[in-house]
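Containing mmCIF, C-alpha atoms and all ligand atoms: entry.cif.
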data_upload
#
loop_
_atom_site.label_atom_id
_atom_site.label_comp_id
_atom_site.auth_asym_id
_atom_site.auth_seq_id
_atom_site.Cartn_x
_atom_site.Cartn_y
_atom_site.Cartn_z
CA MET A 1 -18.39 -34.66 -66.32
CA ASP A 2 -21.52 -32.73 -67.27
CA ALA A 3 -23.90 -33.73 -70.07
CA LYS A 4 -22.18 -31.50 -72.62
CA GLU A 5 -18.75 -32.97 -71.87
CA ILE A 6 -20.11 -36.53 -72.01
CA LEU A 7 -21.63 -35.82 -75.42
CA ARG A 8 -18.31 -34.50 -76.70
CA LEU A 9 -16.46 -37.50 -75.27
CA LYS A 10 -18.82 -39.98 -76.91
CA VAL A 11 -18.78 -38.21 -80.27
CA ARG A 12 -14.99 -38.18 -80.13
CA LEU A 13 -14.77 -41.87 -79.25
CA LEU A 14 -17.27 -42.90 -81.93
CA THR A 15 -15.64 -40.89 -84.70
CA GLU A 16 -11.93 -40.98 -83.85
CA GLY A 17 -11.89 -44.44 -82.29
CA ALA A 18 -9.00 -45.44 -80.05
CA VAL A 19 -5.72 -47.32 -80.19
CA LEU A 20 -5.78 -50.35 -77.90
CA PRO A 21 -2.60 -52.13 -76.79
CA GLU A 22 -1.06 -54.62 -79.28
CA GLY A 23 -2.60 -58.06 -79.09
CA VAL A 24 -5.91 -56.92 -77.57
CA TRP A 25 -8.94 -58.25 -79.47
CA GLY A 26 -10.40 -55.55 -81.73
CA GLY A 27 -14.06 -56.61 -81.84
CA ARG A 28 -16.08 -58.58 -84.40
CA LYS A 29 -14.94 -58.20 -87.98
CA GLY A 30 -18.20 -58.59 -89.91
CA GLY A 31 -21.96 -58.77 -89.63
CA ALA A 32 -24.82 -56.33 -89.35
CA GLY A 33 -24.27 -52.84 -87.95
CA PRO A 34 -20.96 -51.12 -87.24
CA VAL A 35 -18.13 -53.60 -86.57
CA GLY A 36 -14.60 -53.47 -85.18
CA ALA A 37 -15.38 -52.02 -81.74
CA ARG A 38 -15.07 -52.95 -78.05
CA TYR A 39 -17.73 -51.97 -75.54
CA PHE A 40 -16.87 -49.65 -72.67
CA LEU A 41 -18.99 -47.77 -70.14
CA LEU A 42 -18.67 -43.99 -70.16
CA PRO A 43 -18.64 -41.95 -66.95
CA ASN A 44 -22.46 -41.60 -67.35
CA GLY A 45 -22.78 -45.41 -67.08
CA ARG A 46 -23.91 -45.82 -70.69
CA ALA A 47 -22.21 -48.01 -73.24
CA CYS A 48 -19.98 -46.89 -76.10
CA GLY A 49 -18.73 -49.17 -78.86
CA VAL A 50 -15.25 -47.73 -79.30
CA PRO A 51 -13.87 -48.38 -82.81
CA VAL A 52 -10.47 -50.04 -82.46
CA ARG A 53 -7.96 -48.51 -84.86
CA ARG A 54 -4.30 -49.20 -85.46
CA GLY A 55 -1.36 -48.00 -87.54
CA ARG A 56 -2.00 -45.70 -90.48
CA VAL A 57 -5.77 -45.83 -90.02
CA ALA A 58 -5.42 -44.67 -86.40
CA GLU A 59 -3.15 -41.85 -87.56
CA ALA A 60 -5.66 -40.78 -90.20
CA TYR A 61 -8.53 -40.71 -87.66
CA GLY A 62 -6.41 -39.09 -84.93
CA SER A 63 -7.21 -41.95 -82.54
CA ALA A 64 -5.97 -41.47 -78.96
CA PRO A 65 -4.73 -44.41 -76.84
CA LEU A 66 -7.03 -46.46 -74.63
CA ASP A 67 -4.86 -48.37 -72.17
CA THR A 68 -5.25 -50.94 -69.45
CA THR A 69 -4.69 -50.06 -65.79
CA GLU A 70 -3.90 -52.19 -62.73
CA ASP A 71 -7.64 -52.85 -62.40
CA PRO A 72 -8.57 -55.02 -65.43
CA SER A 73 -12.07 -53.51 -65.58
CA VAL A 74 -10.81 -49.91 -65.73
CA TRP A 75 -9.14 -48.49 -68.87
CA LEU A 76 -7.70 -45.03 -69.40
CA TYR A 77 -8.64 -43.04 -72.51
CA ASP A 78 -6.22 -40.39 -73.75
CA HIS A 79 -4.29 -40.66 -70.44
CA LYS A 80 -7.10 -39.06 -68.43
CA VAL A 81 -10.66 -40.44 -68.78
CA GLU A 82 -11.54 -43.69 -67.00
CA LEU A 83 -13.76 -46.07 -68.95
CA ARG A 84 -15.03 -49.43 -67.70
CA LEU A 85 -14.79 -52.45 -69.96
CA VAL A 86 -18.06 -54.33 -70.42
CA PRO A 87 -17.21 -57.87 -69.27
CA ARG A 88 -17.59 -60.85 -71.59
CA PRO A 89 -20.85 -62.60 -70.65
CA LYS A 90 -20.56 -66.12 -69.28
CA PHE A 91 -23.32 -67.45 -71.52
CA TYR A 92 -20.90 -67.21 -74.48
CA GLU A 93 -19.26 -70.41 -73.16
CA ARG A 94 -22.41 -72.51 -73.55
CA THR A 95 -23.75 -74.37 -76.58
CA THR A 96 -27.30 -74.93 -77.79
CA ASP A 97 -29.03 -78.31 -77.55
CA ASP A 98 -28.13 -78.87 -81.21
CA GLY A 99 -24.46 -78.09 -80.60
CA VAL A 100 -23.96 -74.47 -81.71
CA PRO A 101 -21.97 -72.14 -79.41
CA TYR A 102 -24.26 -69.47 -77.98
CA HIS A 103 -21.90 -66.71 -79.16
CA LYS A 104 -22.62 -67.80 -82.74
CA ILE A 105 -26.35 -67.28 -82.13
CA ALA A 106 -26.54 -63.91 -80.35
CA LEU A 107 -24.18 -61.35 -78.82
CA LEU A 108 -24.36 -58.79 -76.06
CA HIS A 109 -24.38 -55.35 -77.70
CA GLY A 110 -23.46 -52.40 -75.51
CA SER A 111 -24.03 -53.35 -71.88
CA SER A 112 -27.52 -54.88 -71.84
CA THR A 113 -28.95 -55.63 -75.29
CA LEU A 114 -28.94 -59.12 -76.74
CA ALA A 115 -28.70 -58.82 -80.51
CA THR A 116 -28.79 -61.25 -83.37
CA THR A 117 -29.08 -61.26 -87.15
CA VAL A 118 -31.64 -63.97 -87.80
CA TYR A 119 -30.65 -64.32 -91.47
CA GLN A 120 -27.02 -63.55 -92.24
CA ALA A 121 -27.28 -62.90 -96.00
CA CYS A 122 -28.82 -60.22 -98.17
CA ARG A 123 -30.17 -60.28 -101.70
CA TYR A 124 -28.36 -57.09 -102.65
CA TRP A 125 -24.97 -58.77 -102.31
CA ASP A 126 -25.98 -61.32 -104.97
CA ARG A 127 -26.51 -58.48 -107.43
CA GLY A 128 -23.60 -56.25 -106.41
CA LEU A 129 -26.10 -53.71 -105.08
CA GLN A 130 -25.23 -54.00 -101.39
CA CYS A 131 -24.94 -50.96 -99.17
CA LYS A 132 -21.36 -49.73 -99.46
CA PHE A 133 -20.81 -49.86 -95.67
CA CYS A 134 -22.19 -53.39 -95.26
CA THR A 135 -20.24 -56.46 -94.09
CA ILE A 136 -23.16 -58.80 -93.37
CA PRO A 137 -21.83 -61.99 -95.02
CA PHE A 138 -18.35 -61.88 -93.52
CA SER A 139 -19.12 -63.12 -90.02
CA TYR A 140 -20.88 -66.15 -91.50
CA GLN A 141 -18.14 -66.78 -94.06
CA GLY A 142 -15.54 -66.46 -91.29
CA GLY A 143 -17.29 -69.14 -89.24
CA HIS A 144 -18.29 -66.70 -86.45
CA THR A 145 -22.02 -67.27 -86.85
CA VAL A 146 -24.53 -69.43 -88.71
CA LEU A 147 -26.48 -68.47 -91.81
CA GLU A 148 -29.85 -68.68 -90.12
CA LYS A 149 -30.85 -68.94 -86.49
CA THR A 150 -33.84 -71.03 -85.48
CA PRO A 151 -36.45 -69.67 -83.05
CA GLY A 152 -35.46 -72.42 -80.59
CA GLN A 153 -31.76 -71.48 -80.68
CA VAL A 154 -32.46 -67.79 -80.09
CA ALA A 155 -34.93 -68.56 -77.29
CA GLU A 156 -32.32 -70.74 -75.59
CA VAL A 157 -29.73 -67.94 -75.62
CA VAL A 158 -32.29 -65.38 -74.43
CA GLN A 159 -33.09 -67.58 -71.46
CA ALA A 160 -29.41 -68.03 -70.58
CA ALA A 161 -28.68 -64.29 -70.90
CA GLU A 162 -31.67 -63.49 -68.70
CA GLU A 163 -30.61 -66.02 -66.09
CA GLU A 164 -27.17 -64.42 -66.04
CA GLY A 165 -28.86 -61.05 -65.50
CA VAL A 166 -27.02 -59.22 -68.28
CA ILE A 167 -29.81 -58.17 -70.64
CA THR A 168 -32.74 -55.79 -70.50
CA ASP A 169 -33.93 -56.00 -74.12
CA ILE A 170 -33.51 -57.94 -77.35
CA LEU A 171 -32.79 -56.81 -80.89
CA LEU A 172 -33.45 -58.89 -84.01
CA THR A 173 -32.23 -57.76 -87.39
CA THR A 174 -32.02 -59.50 -90.73
CA GLY A 175 -30.46 -59.29 -94.14
CA THR A 176 -33.11 -59.01 -96.84
CA PRO A 177 -34.04 -62.31 -98.48
CA ASP A 178 -35.31 -62.39 -102.06
CA THR A 179 -38.93 -62.76 -100.99
CA VAL A 180 -41.77 -60.23 -100.77
CA ASP A 181 -41.96 -60.50 -96.97
CA MET A 182 -38.50 -58.79 -96.82
CA GLY A 183 -37.53 -61.08 -93.93
CA CYS A 184 -40.62 -60.45 -91.77
CA ASP A 185 -41.61 -64.14 -91.75
CA ARG A 186 -38.31 -65.22 -90.21
CA LEU A 187 -38.50 -62.39 -87.67
CA LEU A 188 -42.07 -63.41 -86.82
CA ARG A 189 -41.06 -66.99 -86.09
CA VAL A 190 -38.17 -65.87 -83.88
CA VAL A 191 -40.30 -63.31 -82.00
CA ARG A 192 -42.86 -66.06 -81.30
CA GLY A 193 -40.08 -68.40 -80.14
CA ILE A 194 -38.74 -65.78 -77.72
CA ARG A 195 -42.21 -65.00 -76.41
CA GLU A 196 -42.53 -68.62 -75.27
CA VAL A 197 -39.71 -68.05 -72.77
CA SER A 198 -39.32 -64.31 -72.17
CA ASP A 199 -41.24 -61.07 -71.78
CA ARG A 200 -38.25 -58.76 -72.37
CA PRO A 201 -38.85 -55.98 -74.91
CA ILE A 202 -38.01 -57.03 -78.46
CA GLY A 203 -37.01 -54.68 -81.27
CA VAL A 204 -37.03 -55.89 -84.88
CA GLN A 205 -35.35 -54.32 -87.90
CA VAL A 206 -36.40 -54.85 -91.49
CA GLU A 207 -36.87 -53.02 -94.77
CA PRO A 208 -40.45 -51.75 -95.08
CA PRO A 209 -42.60 -54.56 -96.48
CA ALA A 210 -45.12 -53.62 -99.19
CA ASP A 211 -47.79 -55.49 -97.24
CA LEU A 212 -48.23 -53.49 -94.04
CA LYS A 213 -50.10 -56.42 -92.47
CA LEU A 214 -46.68 -57.97 -91.85
CA ILE A 215 -45.89 -55.10 -89.50
CA GLU A 216 -49.18 -55.73 -87.71
CA GLU A 217 -48.28 -59.41 -87.40
CA LEU A 218 -44.87 -58.58 -85.91
CA HIS A 219 -46.58 -56.35 -83.38
CA ALA A 220 -49.26 -58.96 -82.60
CA ALA A 221 -46.57 -61.64 -82.16
CA GLY A 222 -44.97 -59.61 -79.39
CA ALA A 223 -42.45 -57.24 -80.97
CA ASP A 224 -42.32 -53.95 -79.03
CA ALA A 225 -40.37 -51.76 -81.44
CA ILE A 226 -39.39 -51.68 -85.10
CA GLY A 227 -36.58 -50.06 -87.04
CA MET A 228 -36.87 -49.40 -90.77
CA HIS A 229 -33.75 -47.64 -91.86
CA ILE A 230 -33.56 -45.00 -94.58
CA GLU A 231 -29.77 -44.83 -93.90
CA ALA A 232 -28.95 -41.55 -95.69
CA ALA A 233 -30.54 -38.12 -95.53
CA GLU A 234 -30.10 -37.17 -99.19
CA GLU A 235 -31.58 -39.14 -102.08
CA GLU A 236 -28.47 -38.84 -104.26
CA VAL A 237 -26.24 -40.09 -101.46
CA ARG A 238 -28.66 -42.91 -100.71
CA ALA A 239 -28.75 -43.94 -104.38
CA TYR A 240 -24.95 -44.16 -104.44
CA MET A 241 -24.38 -45.68 -100.98
CA CYS A 242 -27.33 -48.09 -100.80
CA PRO A 243 -28.18 -48.87 -104.43
CA GLY A 244 -30.25 -51.99 -103.70
CA LYS A 245 -32.29 -50.45 -100.91
CA TYR A 246 -32.72 -47.26 -102.94
CA GLU A 247 -34.02 -49.20 -105.93
CA TYR A 248 -36.48 -51.09 -103.71
CA ALA A 249 -38.02 -48.16 -101.89
CA GLY A 250 -38.04 -44.38 -101.82
CA LEU A 251 -38.83 -42.12 -98.90
CA GLY A 252 -42.59 -42.37 -99.57
CA VAL A 253 -42.55 -46.12 -98.96
CA TYR A 254 -40.68 -45.59 -95.69
CA GLU A 255 -43.06 -42.85 -94.59
CA ARG A 256 -46.10 -45.06 -95.20
CA ALA A 257 -44.56 -47.93 -93.20
CA TRP A 258 -43.27 -45.63 -90.41
CA LEU A 259 -46.67 -44.02 -89.91
CA ALA A 260 -48.45 -47.37 -89.83
CA ALA A 261 -45.87 -48.64 -87.34
CA VAL A 262 -46.13 -45.56 -85.07
CA ASP A 263 -49.89 -46.22 -84.81
CA LEU A 264 -49.13 -49.72 -83.53
CA PHE A 265 -45.90 -49.40 -81.55
CA GLY A 266 -46.21 -45.82 -80.35
CA ARG A 267 -43.98 -42.78 -80.71
CA GLY A 268 -40.26 -43.48 -80.28
CA ASN A 269 -40.69 -47.23 -80.73
CA VAL A 270 -40.30 -46.81 -84.46
CA SER A 271 -36.84 -45.76 -85.56
CA THR A 272 -34.62 -45.12 -88.53
CA PHE A 273 -30.88 -44.95 -88.87
CA ILE A 274 -29.65 -41.75 -90.48
CA LEU A 275 -25.92 -42.18 -91.01
CA HIS A 276 -23.73 -39.13 -91.36
CA GLY A 277 -20.35 -38.90 -93.01
CA LEU A 278 -21.57 -40.29 -96.34
CA GLY A 279 -21.21 -36.99 -98.20
CA GLU A 280 -24.53 -35.38 -97.24
CA SER A 281 -24.79 -31.97 -95.60
CA PRO A 282 -25.40 -31.62 -91.85
CA GLU A 283 -28.49 -29.55 -92.67
CA SER A 284 -29.98 -32.50 -94.56
CA VAL A 285 -29.34 -34.82 -91.61
CA LEU A 286 -31.05 -32.42 -89.22
CA ALA A 287 -33.93 -31.72 -91.59
CA MET A 288 -34.65 -35.42 -91.99
CA ALA A 289 -34.25 -36.03 -88.26
CA ASP A 290 -36.74 -33.26 -87.50
CA TRP A 291 -39.18 -34.53 -90.12
CA ALA A 292 -39.01 -38.07 -88.71
CA ALA A 293 -39.17 -37.00 -85.06
CA GLU A 294 -42.25 -34.88 -85.71
CA ARG A 295 -43.95 -38.07 -86.90
CA GLY A 296 -42.84 -40.04 -83.82
CA VAL A 297 -40.00 -41.85 -85.60
CA LEU A 298 -36.78 -41.82 -83.62
CA PRO A 299 -33.92 -40.64 -85.86
CA VAL A 300 -30.90 -42.73 -84.88
CA VAL A 301 -28.23 -40.37 -86.20
CA THR A 302 -24.94 -42.25 -86.22
CA PRO A 303 -21.47 -41.74 -87.73
CA VAL A 304 -20.80 -44.19 -90.55
CA ARG A 305 -17.94 -46.50 -89.62
CA PRO A 306 -16.05 -47.68 -92.71
CA ALA A 307 -15.32 -51.36 -92.18
CA PRO A 308 -12.48 -53.38 -93.68
CA GLY A 309 -13.87 -55.60 -96.42
CA SER A 310 -16.79 -53.29 -97.16
CA GLN A 311 -16.79 -51.05 -100.23
CA LEU A 312 -15.84 -48.21 -97.89
CA THR A 313 -12.63 -49.86 -96.65
CA ASP A 314 -10.44 -46.92 -97.66
CA TYR A 315 -13.11 -44.23 -97.38
CA ARG A 316 -12.41 -41.37 -94.97
CA PRO A 317 -15.67 -39.76 -93.81
CA PRO A 318 -15.67 -35.95 -93.88
CA TYR A 319 -16.18 -35.93 -90.09
CA VAL A 320 -12.54 -36.95 -89.62
CA GLY A 321 -10.72 -33.92 -88.18
CA ALA A 322 -13.96 -31.98 -87.74
CA LEU A 323 -14.89 -32.83 -84.15
CA ASP A 324 -16.35 -29.41 -83.31
CA ASP A 325 -18.69 -29.58 -86.31
CA VAL A 326 -19.89 -33.07 -85.40
CA VAL A 327 -20.48 -32.11 -81.77
CA ASP A 328 -22.50 -29.15 -83.04
CA LEU A 329 -24.56 -31.50 -85.24
CA TYR A 330 -25.44 -33.57 -82.18
CA HIS A 331 -26.22 -30.52 -80.07
CA ARG A 332 -28.77 -29.53 -82.64
CA LEU A 333 -30.07 -33.09 -82.92
CA GLY A 334 -30.51 -33.16 -79.13
CA GLN A 335 -32.68 -30.05 -79.36
CA ILE A 336 -34.84 -31.76 -81.99
CA LEU A 337 -35.27 -34.91 -79.88
CA TYR A 338 -36.04 -32.80 -76.80
CA ARG A 339 -38.54 -30.65 -78.66
CA TRP A 340 -40.46 -33.71 -79.91
CA GLY A 341 -40.24 -35.52 -76.57
CA LEU A 342 -38.30 -38.49 -77.94
CA GLU A 343 -35.90 -39.75 -75.29
CA PRO A 344 -34.08 -42.82 -76.61
CA LYS A 345 -33.72 -44.62 -73.28
CA ARG A 346 -37.42 -44.29 -72.54
CA THR A 347 -38.34 -46.38 -75.57
CA MET A 348 -38.87 -50.15 -75.49
CA ALA A 349 -36.07 -51.43 -77.76
CA GLY A 350 -33.94 -50.62 -80.78
CA CYS A 351 -30.36 -49.64 -81.57
CA HIS A 352 -30.92 -46.28 -79.86
CA ARG A 353 -31.93 -48.07 -76.66
CA CYS A 354 -28.58 -49.89 -76.59
CA GLY A 355 -26.94 -46.69 -77.77
CA ALA A 356 -23.40 -48.03 -78.07
CA CYS A 357 -22.95 -46.92 -81.70
CA THR A 358 -24.84 -43.63 -81.50
CA PRO A 359 -24.73 -40.61 -79.16
CA VAL A 360 -28.46 -39.85 -79.50
CA GLN A 361 -29.17 -40.32 -75.77
CA GLU A 362 -26.23 -38.09 -74.86
CA ALA A 363 -27.46 -35.50 -77.37
CA PHE A 364 -30.87 -35.59 -75.69
CA ASP A 365 -29.29 -35.33 -72.21
CA SER A 366 -27.21 -32.35 -73.26
CA ALA A 367 -30.24 -30.54 -74.66
CA ALA A 368 -32.29 -31.36 -71.54
CA ALA A 369 -29.52 -30.08 -69.25
CA ALA A 370 -29.32 -26.80 -71.18
CA ARG A 371 -33.00 -26.05 -70.43
S1 LIG B 1 -29.88 -53.93 -96.76
FE1 LIG B 1 -27.81 -53.08 -97.03
S2 LIG B 1 -26.93 -52.95 -94.93
FE2 LIG B 1 -28.74 -54.30 -94.82
S3 LIG B 1 -27.89 -56.37 -95.05
FE3 LIG B 1 -28.52 -55.69 -97.11
S4 LIG B 1 -26.71 -54.76 -98.04
FE4 LIG B 1 -26.32 -54.96 -95.83
#

Before anything else, please render the file you have as structure tokens.
Amino acid sequence: MDAKEILRLKVRLLTEGAVLPEGVWGGRKGGAGPVGARYFLLPNGRACGVPVRRGRVAEAYGSAPLDTTEDPSVWLYDHKVELRLVPRPKFYERTTDDGVPYHKIALLHGSSTLATTVYQACRYWDRGLQCKFCTIPFSYQGGHTVLEKTPGQVAEVVQAAEEEGVITDILLTTGTPDTVDMGCDRLLRVVRGIREVSDRPIGVQVEPPADLKLIEELHAAGADAIGMHIEAAEEEVRAYMCPGKYEYAGLGVYERAWLAAVDLFGRGNVSTFILHGLGESPESVLAMADWAAERGVLPVVTPVRPAPGSQLTDYRPPYVGALDDVVDLYHRLGQILYRWGLEPKRTMAGCHRCGACTPVQEAFDSAAAAR
């Protein structure tokens, strides 16, 4: 498959999802980031978190089957494309010194990123102002994780994952606590804990703190990349979809924090999610992506994935049934990334480095191949 075909395949998988055989586990049900997916390797060797859909939802999204073959590591998508299942890491079977299963502390995302949410709650939920796509409390409420991970617990899992040889980088995110540090203090402690045992690149994700010194402290503690996520490309959409985040900070606050962070972390090591499918226009997505990329901020353009239990449970994004349009969006995004020299896999850490939920690397590859 050439770069253009790989991009189309990944966009199709990420938006349509796939129907897995009955009884096969459908991925984690709650937590930070898109949920309800299984990780497979595409023919280009990169990971894709394939949304698992069934029944009426699968019909609505036009999901094709993804079936097992005689080789348990090889699956067949839509009867013709071979995908390799990312194996379950062995470190999931171990428990921390204080008795918590490792898989409740951190998980392998994609094929080589160890990710954890250091604080599994968010102040916006308390006020009914949570982002409409968010499911952060559900994994904790369902007993699949703990409310807060200690630096020692995370460091232990990092060491085990490194020993097993399954990770290249680490990603720490957090719900926003009701404190002015916006969660930076917890992230700082965990980064320091990891740095006692590992020199793998660490990406952190947080809302922009008013005090930019906190970003400096994260960098000084050993974080290599930072994501501060605007989420939506249009203000009106953002106000509706992310009322709490919108109320806290407008684009100007993000810009100030992004620019300060680019000075410290370097171009491409500062990123922002820009979700599409929330009701914004493709032109707005591309305009914001271009604006961010020009400033060295990697725009992690990603299809929103409505999750059961979120406020978008029954929401059907406008990208459903519009594959050609979405592929075109990513072609144009690839040209933007290429023009500004931002190649996701050449950055230190971040969701784009894992890349399982976003086709930004494939968009870049496709634009590069067309040159
Ligand atoms: S800021 Fe939004 S997406 Fe992030 S944890 Fe809070 S409610 Fe969820």

### Message
I'd like the neighbourhood of Asp178 (chain A) as a count of residues only, where a residue qualifies if any of its atoms comes within 10 Å (using all atoms listed in the file), though same-chain residues fewer than 5 positions away should be ignored.
### Response
5

### Task
Select the residues contacting ligand LIG 1 (chain B) at a distance of at most 9 Å, based on only C-alpha atoms and all ligand atoms, then format the selection as a ChimeraX atom specification.
/A:31-33,120-125,129-137,173-177,206-207,229,231,242-245

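Between Cys351 (chain A) and the residues A:Lys90, A:Arg238, A:His144, A:His109, the shortest atom-to-atom distance, using all atoms listed in the file, involves A:His109.
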
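Of the residues under consideration (A:Val35, A:Ala3, A:Val154, A:Leu83), A:Val35 shows the shortest atom-to-atom contact distance to Val304 (chain A) when counting all atoms listed in the file.
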
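Proximity of A:Gly350, A:Gly334, A:Pro65, A:Pro89 to Lys4 (chain A), computed with all atoms listed in the file, is greatest for A:Gly334.
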
Generate the missing atoms of region 345-360 of chain A up to N, CA and C atoms and report them as a PDB file, in the frame of the given file.
ATOM      1  N   LYS A 345     -33.724 -43.577 -74.298  1.00  0.00           N
ATOM      2  CA  LYS A 345     -33.720 -44.620 -73.280  1.00  0.00           C
ATOM      3  C   LYS A 345     -35.108 -44.893 -72.705  1.00  0.00           C
ATOM      4  N   ARG A 346     -36.065 -44.041 -73.028  1.00  0.00           N
ATOM      5  CA  ARG A 346     -37.420 -44.290 -72.540  1.00  0.00           C
ATOM      6  C   ARG A 346     -38.242 -45.110 -73.531  1.00  0.00           C
ATOM      7  N   THR A 347     -37.625 -45.553 -74.604  1.00  0.00           N
ATOM      8  CA  THR A 347     -38.340 -46.380 -75.570  1.00  0.00           C
ATOM      9  C   THR A 347     -38.150 -47.852 -75.198  1.00  0.00           C
ATOM     10  N   MET A 348     -38.865 -48.734 -75.879  1.00  0.00           N
ATOM     11  CA  MET A 348     -38.870 -50.150 -75.490  1.00  0.00           C
ATOM     12  C   MET A 348     -37.597 -50.884 -75.945  1.00  0.00           C
ATOM     13  N   ALA A 349     -37.215 -50.677 -77.200  1.00  0.00           N
ATOM     14  CA  ALA A 349     -36.070 -51.430 -77.760  1.00  0.00           C
ATOM     15  C   ALA A 349     -35.615 -50.745 -79.035  1.00  0.00           C
ATOM     16  N   GLY A 350     -34.475 -51.205 -79.542  1.00  0.00           N
ATOM     17  CA  GLY A 350     -33.940 -50.620 -80.780  1.00  0.00           C
ATOM     18  C   GLY A 350     -32.483 -50.258 -80.579  1.00  0.00           C
ATOM     19  N   CYS A 351     -31.785 -49.981 -81.678  1.00  0.00           N
ATOM     20  CA  CYS A 351     -30.360 -49.640 -81.570  1.00  0.00           C
ATOM     21  C   CYS A 351     -30.133 -48.429 -80.673  1.00  0.00           C
ATOM     22  N   HIS A 352     -31.061 -47.483 -80.699  1.00  0.00           N
ATOM     23  CA  HIS A 352     -30.920 -46.280 -79.860  1.00  0.00           C
ATOM     24  C   HIS A 352     -31.032 -46.608 -78.389  1.00  0.00           C
ATOM     25  N   ARG A 353     -31.766 -47.682 -78.068  1.00  0.00           N
ATOM     26  CA  ARG A 353     -31.930 -48.070 -76.660  1.00  0.00           C
ATOM     27  C   ARG A 353     -30.598 -48.625 -76.128  1.00  0.00           C
ATOM     28  N   CYS A 354     -29.938 -49.430 -76.931  1.00  0.00           N
ATOM     29  CA  CYS A 354     -28.580 -49.890 -76.590  1.00  0.00           C
ATOM     30  C   CYS A 354     -27.651 -48.681 -76.581  1.00  0.00           C
ATOM     31  N   GLY A 355     -27.635 -47.973 -77.702  1.00  0.00           N
ATOM     32  CA  GLY A 355     -26.940 -46.690 -77.770  1.00  0.00           C
ATOM     33  C   GLY A 355     -25.427 -46.755 -77.899  1.00  0.00           C
ATOM     34  N   ALA A 356     -24.866 -47.943 -78.050  1.00  0.00           N
ATOM     35  CA  ALA A 356     -23.400 -48.030 -78.070  1.00  0.00           C
ATOM     36  C   ALA A 356     -22.796 -47.392 -79.323  1.00  0.00           C
ATOM     37  N   CYS A 357     -23.517 -47.424 -80.435  1.00  0.00           N
ATOM     38  CA  CYS A 357     -22.950 -46.920 -81.700  1.00  0.00           C
ATOM     39  C   CYS A 357     -23.414 -45.511 -82.031  1.00  0.00           C
ATOM     40  N   THR A 358     -24.267 -44.945 -81.199  1.00  0.00           N
ATOM     41  CA  THR A 358     -24.840 -43.630 -81.500  1.00  0.00           C
ATOM     42  C   THR A 358     -24.920 -42.767 -80.235  1.00  0.00           C
ATOM     43  N   PRO A 359     -24.627 -41.479 -80.346  1.00  0.00           N
ATOM     44  CA  PRO A 359     -24.730 -40.610 -79.160  1.00  0.00           C
ATOM     45  C   PRO A 359     -26.091 -39.923 -79.046  1.00  0.00           C
ATOM     46  N   VAL A 360     -27.170 -40.557 -79.524  1.00  0.00           N
ATOM     47  CA  VAL A 360     -28.460 -39.850 -79.500  1.00  0.00           C
ATOM     48  C   VAL A 360     -28.965 -39.602 -78.080  1.00  0.00           C
TER      49      VAL A 360
END
